[in-house]
Amino acid sequence: MNIDEFIAVGGKSGLFKMINNKTSGLVLEDISTGKKRFYSAMRHQFTPLGTISIYTMVDSEPLSKVFRNMMDQYDDNPPPPHKDKPEVLFEYFEDVLPQFDNTKVNVGDIRKIIKWFTFLHQEGLLGEEEE
């Protein structure tokens, strides 16, 4: 599962795909609409999903492994809606990544992860290819 091509932009909802890299920012394509737009590096923070890790009690786990665990459990344990109660979200995330550090991973992080996973899964962008 290769999530390196997807980028989260600070202050913008949704996920993006990089089209072009310029010295002053990035040209990104909104995955949901297909619209391409320039985002200035002075105004926005870019986070490739492939660089995100989740804190665990020992070290950290890459987001791709968390997504893989969510995919493996999808039929038996689908993710709850991202706006569900915090207790439900923490319980689900504990099933997906039992060793996650709940003192460092907050409910907002879990909401984003579930929202991203659900969106990418619905768009059919979470393939089985290995990193």
# chains A, B, ... in the order shown; residues from 1 in each chain; ligands from 1
$ select_by_dssp --residues "stretch 97-130 of chain A" --states "helix (DSSP H, G or I)" --output "PyMOL selection string"
chain A and resi 107-122
$ write_last_selection --atoms "N, CA and C atoms" --output "short mmCIF file (atom, residue, chain, number, x, y, z; two decimals), in the first residue's frame"
data_model
loop_
_atom_site.label_atom_id
_atom_site.label_comp_id
_atom_site.auth_asym_id
_atom_site.auth_seq_id
_atom_site.Cartn_x
_atom_site.Cartn_y
_atom_site.Cartn_z
N VAL A 107 -7.84 12.29 20.13
CA VAL A 107 -9.03 11.92 19.36
C VAL A 107 -9.03 12.62 18.00
N GLY A 108 -8.48 13.83 17.92
CA GLY A 108 -8.40 14.53 16.63
C GLY A 108 -7.54 13.79 15.63
N ASP A 109 -6.44 13.20 16.11
CA ASP A 109 -5.57 12.40 15.24
C ASP A 109 -6.33 11.19 14.70
N ILE A 110 -7.05 10.52 15.58
CA ILE A 110 -7.81 9.33 15.17
C ILE A 110 -8.89 9.71 14.17
N ARG A 111 -9.56 10.84 14.41
CA ARG A 111 -10.60 11.30 13.47
C ARG A 111 -10.00 11.52 12.07
N LYS A 112 -8.83 12.18 12.01
CA LYS A 112 -8.18 12.42 10.71
C LYS A 112 -7.82 11.12 10.03
N ILE A 113 -7.26 10.19 10.78
CA ILE A 113 -6.84 8.91 10.21
C ILE A 113 -8.04 8.16 9.65
N ILE A 114 -9.12 8.11 10.41
CA ILE A 114 -10.33 7.42 9.95
C ILE A 114 -10.92 8.13 8.73
N LYS A 115 -10.93 9.45 8.75
CA LYS A 115 -11.47 10.23 7.63
C LYS A 115 -10.63 9.99 6.37
N TRP A 116 -9.31 10.04 6.50
CA TRP A 116 -8.43 9.79 5.35
C TRP A 116 -8.61 8.38 4.82
N PHE A 117 -8.62 7.40 5.73
CA PHE A 117 -8.76 6.00 5.31
C PHE A 117 -10.08 5.80 4.58
N THR A 118 -11.17 6.30 5.15
CA THR A 118 -12.49 6.12 4.55
C THR A 118 -12.54 6.74 3.16
N PHE A 119 -11.99 7.95 3.03
CA PHE A 119 -11.98 8.63 1.74
C PHE A 119 -11.17 7.85 0.72
N LEU A 120 -9.96 7.46 1.07
CA LEU A 120 -9.11 6.72 0.13
C LEU A 120 -9.70 5.36 -0.23
N HIS A 121 -10.33 4.71 0.75
CA HIS A 121 -10.96 3.41 0.49
C HIS A 121 -12.15 3.56 -0.46
N GLN A 122 -12.98 4.58 -0.23
CA GLN A 122 -14.13 4.80 -1.10
C GLN A 122 -13.72 5.17 -2.52
#
$ select_by_dssp --residues "chain A" --states "strand (DSSP E or B)" --output "JSON, numbers by chain"
{"A": [6, 7, 8, 9, 16, 17, 18, 19, 20, 21, 22, 25, 26, 27, 28, 29, 30, 36, 37, 38, 39, 40, 46, 47, 48, 53, 54, 55, 56, 60, 61, 62, 100]}
$ atom_distance --atom1 "atom CA of A:Lys12" --atom2 "atom CA of A:Lys65"
24.6 Å
$ atom_distance --atom1 "atom CA of A:Pro48" --atom2 "atom CA of A:Leu28"
11.9 Å
$ residues_around --residues "A:Met70" --least-positions-apart "3" --cutoff "9 Å" --atoms "only C-alpha atoms" --output "list in words"
Lys65, Val66, Phe67, Gln73, Tyr74, Asn77, Pro78, Pro79, Phe93, Val96, Leu97 and Phe117 of chain A
$ residues_around --residues "A:Met57" --least-positions-apart "4" --cutoff "8 Å" --atoms "only C-alpha atoms" --output "JSON, numbers by chain"
{"A": [99, 100, 101]}
$ write_last_selection --atoms "N, CA and C atoms" --output "compact mmCIF listing (two decimals), in the first residue's frame"
# COMPACT_ATOMS: atom_id res chain seq x y z
N GLN A 99 -1.04 -1.38 20.47
CA GLN A 99 0.03 -0.80 21.28
C GLN A 99 0.14 0.72 21.13
N PHE A 100 -0.87 1.40 20.54
CA PHE A 100 -0.75 2.85 20.36
C PHE A 100 -0.75 3.56 21.72
N ASP A 101 -0.05 4.67 21.78
CA ASP A 101 0.10 5.43 23.03
C ASP A 101 -1.03 6.45 23.13
$ atom_distance --atom1 "atom CA of A:Leu63" --atom2 "atom CA of A:Asp75"
19.7 Å
$ residues_around --residues "stretch 33-35 of chain A" --least-positions-apart "3" --cutoff "10 Å" --atoms "only C-alpha atoms" --output "list of chain:residue names"
A:Gly14, A:Phe16, A:Lys17, A:Leu28, A:Glu29, A:Asp30
$ residues_around --residues "A:Gly25" --least-positions-apart "3" --cutoff "9 Å" --atoms "only C-alpha atoms" --output "MDAnalysis selection string"
chainID A and resid 20:22 38:42 44
$ write_last_selection --atoms "N, CA and C atoms" --output "PDB file, in the first residue's frame"
ATOM      1  N   ASN A  20       3.167  19.120  -9.523  1.00  0.00           N
ATOM      2  CA  ASN A  20       4.423  19.786  -9.857  1.00  0.00           C
ATOM      3  C   ASN A  20       4.989  20.454  -8.608  1.00  0.00           C
ATOM      4  N   ASN A  21       6.302  20.492  -8.534  1.00  0.00           N
ATOM      5  CA  ASN A  21       7.002  21.104  -7.411  1.00  0.00           C
ATOM      6  C   ASN A  21       7.676  22.379  -7.910  1.00  0.00           C
ATOM      7  N   LYS A  22       7.332  23.513  -7.308  1.00  0.00           N
ATOM      8  CA  LYS A  22       7.957  24.790  -7.662  1.00  0.00           C
ATOM      9  C   LYS A  22       8.733  25.292  -6.454  1.00  0.00           C
ATOM     10  N   PHE A  38      -2.266  25.879  -7.436  1.00  0.00           N
ATOM     11  CA  PHE A  38      -0.979  26.161  -6.804  1.00  0.00           C
ATOM     12  C   PHE A  38      -1.215  26.538  -5.344  1.00  0.00           C
ATOM     13  N   TYR A  39      -0.419  25.945  -4.439  1.00  0.00           N
ATOM     14  CA  TYR A  39      -0.471  26.247  -3.014  1.00  0.00           C
ATOM     15  C   TYR A  39       0.899  26.771  -2.596  1.00  0.00           C
ATOM     16  N   SER A  40       0.919  27.969  -2.068  1.00  0.00           N
ATOM     17  CA  SER A  40       2.163  28.621  -1.671  1.00  0.00           C
ATOM     18  C   SER A  40       2.743  27.981  -0.416  1.00  0.00           C
ATOM     19  N   ALA A  41       4.056  27.793  -0.417  1.00  0.00           N
ATOM     20  CA  ALA A  41       4.731  27.237   0.764  1.00  0.00           C
ATOM     21  C   ALA A  41       4.759  28.244   1.906  1.00  0.00           C
ATOM     22  N   MET A  42       4.570  29.509   1.610  1.00  0.00           N
ATOM     23  CA  MET A  42       4.549  30.526   2.662  1.00  0.00           C
ATOM     24  C   MET A  42       3.237  30.506   3.438  1.00  0.00           C
ATOM     25  N   HIS A  44       0.982  27.608   3.412  1.00  0.00           N
ATOM     26  CA  HIS A  44       0.492  26.267   3.710  1.00  0.00           C
ATOM     27  C   HIS A  44       1.614  25.352   4.166  1.00  0.00           C
TER      28      HIS A  44
END
$ decode --residues "stretch 52-95 of chain A" --atoms "N, CA and C atoms" --output "CSV table (one decimal), in the first residue's frame"
chain,number,residue,atom,x,y,z
A,52,ILE,N,3.9,10.3,7.9
A,52,ILE,CA,3.2,10.3,9.2
A,52,ILE,C,3.4,9.0,9.9
A,53,SER,N,3.7,9.1,11.2
A,53,SER,CA,3.8,7.9,12.1
A,53,SER,C,2.9,8.1,13.3
A,54,ILE,N,2.4,7.0,13.9
A,54,ILE,CA,1.6,7.0,15.0
A,54,ILE,C,2.4,6.5,16.2
A,55,TYR,N,2.4,7.3,17.3
A,55,TYR,CA,3.1,6.9,18.5
A,55,TYR,C,2.6,5.6,19.1
A,56,THR,N,3.5,4.7,19.5
A,56,THR,CA,3.1,3.5,20.2
A,56,THR,C,3.9,3.5,21.5
A,57,MET,N,3.6,2.5,22.3
A,57,MET,CA,4.3,2.4,23.6
A,57,MET,C,5.8,2.2,23.5
A,58,VAL,N,6.2,1.6,22.4
A,58,VAL,CA,7.6,1.3,22.2
A,58,VAL,C,8.3,2.4,21.3
A,59,ASP,N,7.7,2.6,20.1
A,59,ASP,CA,8.3,3.5,19.2
A,59,ASP,C,7.2,4.2,18.4
A,60,SER,N,7.1,4.0,17.2
A,60,SER,CA,6.0,4.5,16.3
A,60,SER,C,5.8,3.6,15.2
A,61,GLU,N,4.6,3.6,14.6
A,61,GLU,CA,4.3,2.8,13.4
A,61,GLU,C,3.9,3.7,12.3
A,62,PRO,N,4.3,3.4,11.1
A,62,PRO,CA,4.0,4.3,9.9
A,62,PRO,C,2.5,4.2,9.6
A,63,LEU,N,2.0,5.3,9.1
A,63,LEU,CA,0.5,5.4,8.8
A,63,LEU,C,0.2,4.3,7.8
A,64,SER,N,1.1,3.9,6.9
A,64,SER,CA,0.8,2.9,5.9
A,64,SER,C,0.4,1.5,6.6
A,65,LYS,N,1.1,1.2,7.7
A,65,LYS,CA,0.9,0.0,8.5
A,65,LYS,C,-0.5,0.1,9.2
A,66,VAL,N,-0.8,1.2,9.7
A,66,VAL,CA,-2.1,1.4,10.3
A,66,VAL,C,-3.2,1.3,9.3
A,67,PHE,N,-3.1,1.9,8.1
A,67,PHE,CA,-4.0,1.7,7.0
A,67,PHE,C,-4.2,0.2,6.6
A,68,ARG,N,-3.0,-0.5,6.6
A,68,ARG,CA,-3.0,-1.9,6.2
A,68,ARG,C,-3.8,-2.7,7.2
A,69,ASN,N,-3.6,-2.4,8.5
A,69,ASN,CA,-4.4,-3.1,9.6
A,69,ASN,C,-5.9,-2.7,9.5
A,70,MET,N,-6.2,-1.5,9.1
A,70,MET,CA,-7.6,-1.1,9.0
A,70,MET,C,-8.2,-1.9,7.8
A,71,MET,N,-7.4,-2.0,6.7
A,71,MET,CA,-7.9,-2.7,5.5
A,71,MET,C,-8.1,-4.2,5.9
A,72,ASP,N,-7.2,-4.8,6.6
A,72,ASP,CA,-7.3,-6.2,7.0
A,72,ASP,C,-8.6,-6.5,7.8
A,73,GLN,N,-8.9,-5.5,8.6
A,73,GLN,CA,-10.1,-5.7,9.5
A,73,GLN,C,-11.4,-5.1,9.0
A,74,TYR,N,-11.3,-4.6,7.8
A,74,TYR,CA,-12.5,-3.9,7.2
A,74,TYR,C,-13.8,-4.7,7.2
A,75,ASP,N,-13.7,-5.9,6.8
A,75,ASP,CA,-14.9,-6.7,6.7
A,75,ASP,C,-15.5,-7.0,8.1
A,76,ASP,N,-14.7,-7.4,9.0
A,76,ASP,CA,-15.2,-7.7,10.4
A,76,ASP,C,-15.3,-6.5,11.3
A,77,ASN,N,-14.5,-5.5,11.1
A,77,ASN,CA,-14.5,-4.3,12.0
A,77,ASN,C,-14.3,-3.1,11.2
A,78,PRO,N,-15.4,-2.6,10.5
A,78,PRO,CA,-15.2,-1.4,9.7
A,78,PRO,C,-15.0,-0.2,10.6
A,79,PRO,N,-14.4,0.9,10.1
A,79,PRO,CA,-14.2,2.0,10.9
A,79,PRO,C,-15.5,2.7,11.2
A,80,PRO,N,-15.6,3.3,12.4
A,80,PRO,CA,-16.8,4.0,12.8
A,80,PRO,C,-16.8,5.4,12.1
A,81,PRO,N,-17.9,6.1,12.0
A,81,PRO,CA,-17.8,7.5,11.4
A,81,PRO,C,-16.8,8.3,12.2
A,82,HIS,N,-16.1,9.2,11.5
A,82,HIS,CA,-15.1,10.0,12.1
A,82,HIS,C,-15.6,11.0,13.2
A,83,LYS,N,-16.9,11.2,13.1
A,83,LYS,CA,-17.5,12.2,14.1
A,83,LYS,C,-18.1,11.4,15.3
A,84,ASP,N,-17.9,10.1,15.4
A,84,ASP,CA,-18.4,9.3,16.5
A,84,ASP,C,-17.8,9.8,17.8
A,85,LYS,N,-18.4,9.3,18.9
A,85,LYS,CA,-17.9,9.6,20.3
A,85,LYS,C,-16.4,9.2,20.4
A,86,PRO,N,-15.7,10.0,21.2
A,86,PRO,CA,-14.3,9.7,21.4
A,86,PRO,C,-14.0,8.2,22.0
A,87,GLU,N,-14.9,7.8,22.8
A,87,GLU,CA,-14.7,6.4,23.4
A,87,GLU,C,-14.8,5.4,22.3
A,88,VAL,N,-15.7,5.5,21.4
A,88,VAL,CA,-15.9,4.6,20.3
A,88,VAL,C,-14.6,4.6,19.4
A,89,LEU,N,-14.1,5.8,19.1
A,89,LEU,CA,-13.0,6.0,18.2
A,89,LEU,C,-11.7,5.3,18.9
A,90,PHE,N,-11.5,5.6,20.2
A,90,PHE,CA,-10.4,5.0,20.9
A,90,PHE,C,-10.5,3.5,20.9
A,91,GLU,N,-11.7,3.0,21.1
A,91,GLU,CA,-11.9,1.5,21.2
A,91,GLU,C,-11.6,0.9,19.8
A,92,TYR,N,-12.0,1.5,18.7
A,92,TYR,CA,-11.7,1.0,17.4
A,92,TYR,C,-10.2,1.1,17.1
A,93,PHE,N,-9.6,2.2,17.5
A,93,PHE,CA,-8.2,2.3,17.2
A,93,PHE,C,-7.3,1.4,18.0
A,94,GLU,N,-7.8,1.0,19.2
A,94,GLU,CA,-7.1,0.0,20.0
A,94,GLU,C,-7.2,-1.4,19.3
A,95,ASP,N,-8.3,-1.7,18.6
A,95,ASP,CA,-8.4,-2.9,17.8
A,95,ASP,C,-7.4,-2.9,16.7
